[in-house]
Amino acid sequence: MNFYALDAVTVAQQLLGKEIVRRWDNGSVSRYVISETEAYFGEDDKACHASKGKTLRTEIMYSEGGYVYVYLIYGMYWMLNVVTGEKNHPEAVLIRGINDIVGSGKVGRELKLDKSFYGESLISSSRIWIENSLDSHPIKYVSAPRVGVDYAGEKWRNKPWRFILQR
DNA sequence: TGCACGATCTCG
DNA sequence: GAGATCGTGCAT
């Protein structure tokens, strides 16, 4: 089955400890352990970009899980998200931290993301995908409110949908 | 056609 | 504490 078709909160938790694999243009490969994630869940979630409906920018989130959703923030940082959930239910998981690099803007910069990654399939891409970590330690994490979503209103801004790997 | 703003970071 | 920097959505 498609792991990414699970709901965003579950995927956000399960991604912790897995590895993002990035193959560069010169053929070399880097691996990064996912250390912090955030879940965005559907049009009802006022903090989710899809809360404004389906647009050119958000339409990838309406696909079945397994695609990359990237967008530019503050004119300079590419944010990396993993589309999750069933087709026509827009959900995504924001990758906030990899290894000891914490901060979604820094993640995008480290991975050298750009607009061309929009819609990339994590199942079949040859330059970015996710693998289970070889070391199978039990994963421990803590939850916290999401960052930068004060505008989303009482109900949504307090959701503990930010997940931080504990080591 | 224009404008305000954002799931941010760095520097001073 | 402010500046960098630009695509997007919504108002004009």
# chains A, B, ... in the order shown; residues from 1 in each chain; ligands from 1
call {"tool": "residues_around", "arguments": {"residues": "DT8 (chain C)", "least_positions_apart": "5", "cutoff": "10 Å", "atoms": "only C-alpha atoms (C1' of nucleotides)", "output": "list of chain:residue names"}}
result
A:Thr55, A:Leu56, A:Arg57, A:Leu72, B:DC5, B:DG6
call {"tool": "select_by_dssp", "arguments": {"residues": "region 23-142 of chain A", "states": "strand (DSSP E)", "output": "PyMOL selection string"}}
result
chain A and resi 23+29-41+68-73+77-84+91-98+101-102+128-131+140-142
call {"tool": "interface_residues", "arguments": {"of": "chain C", "to": "chain A", "cutoff": "9 Å", "atoms": "only C-alpha atoms (C1' of nucleotides)", "output": "PyMOL selection string"}}
result
chain C and resi 4-8
call {"tool": "atom_distance", "arguments": {"atom1": "CA of Trp161 (chain A)", "atom2": "CA of Val107 (chain A)"}}
result
18.8 Å
call {"tool": "interface_residues", "arguments": {"of": "chain B", "to": "chain A", "cutoff": "8 Å", "atoms": "only C-alpha atoms (C1' of nucleotides)", "output": "PDB file with N, CA, C and O atoms (P, O5', C5', C4', C3', O3' and C1' of nucleotides), in the first residue's frame"}}
result
ATOM      1  P    DG B   6       1.227  37.903   6.902  1.00  0.00           P
ATOM      2  O5'  DG B   6       1.670  36.395   6.596  1.00  0.00           O
ATOM      3  C5'  DG B   6       0.878  35.583   5.746  1.00  0.00           C
ATOM      4  C4'  DG B   6       1.789  34.631   4.999  1.00  0.00           C
ATOM      5  C3'  DG B   6       2.804  33.924   5.893  1.00  0.00           C
ATOM      6  O3'  DG B   6       2.999  32.595   5.434  1.00  0.00           O
ATOM      7  C1'  DG B   6       3.940  35.111   4.216  1.00  0.00           C
ATOM      8  P    DA B   7       2.115  31.415   5.996  1.00  0.00           P
ATOM      9  O5'  DA B   7       3.213  30.499   6.669  1.00  0.00           O
ATOM     10  C5'  DA B   7       3.591  30.699   8.020  1.00  0.00           C
ATOM     11  C4'  DA B   7       4.508  29.565   8.452  1.00  0.00           C
ATOM     12  C3'  DA B   7       5.777  29.427   7.621  1.00  0.00           C
ATOM     13  O3'  DA B   7       6.795  28.801   8.402  1.00  0.00           O
ATOM     14  C1'  DA B   7       4.450  27.528   7.295  1.00  0.00           C
ATOM     15  P    DT B   8       7.909  29.778   9.224  1.00  0.00           P
ATOM     16  O5'  DT B   8       8.724  30.462   8.063  1.00  0.00           O
ATOM     17  C5'  DT B   8       9.599  29.694   7.203  1.00  0.00           C
ATOM     18  C4'  DT B   8      10.965  30.334   7.109  1.00  0.00           C
ATOM     19  C3'  DT B   8      11.783  30.265   8.392  1.00  0.00           C
ATOM     20  O3'  DT B   8      12.872  29.400   8.165  1.00  0.00           O
ATOM     21  C1'  DT B   8      11.963  32.403   7.359  1.00  0.00           C
ATOM     22  P    DC B   9      13.939  29.086   9.342  1.00  0.00           P
ATOM     23  O5'  DC B   9      15.137  30.098   9.090  1.00  0.00           O
ATOM     24  C5'  DC B   9      15.778  30.072   7.823  1.00  0.00           C
ATOM     25  C4'  DC B   9      16.706  31.255   7.662  1.00  0.00           C
ATOM     26  C3'  DC B   9      17.784  31.366   8.737  1.00  0.00           C
ATOM     27  O3'  DC B   9      19.041  31.324   8.101  1.00  0.00           O
ATOM     28  C1'  DC B   9      16.735  33.461   8.363  1.00  0.00           C
TER      29       DC B   9
END
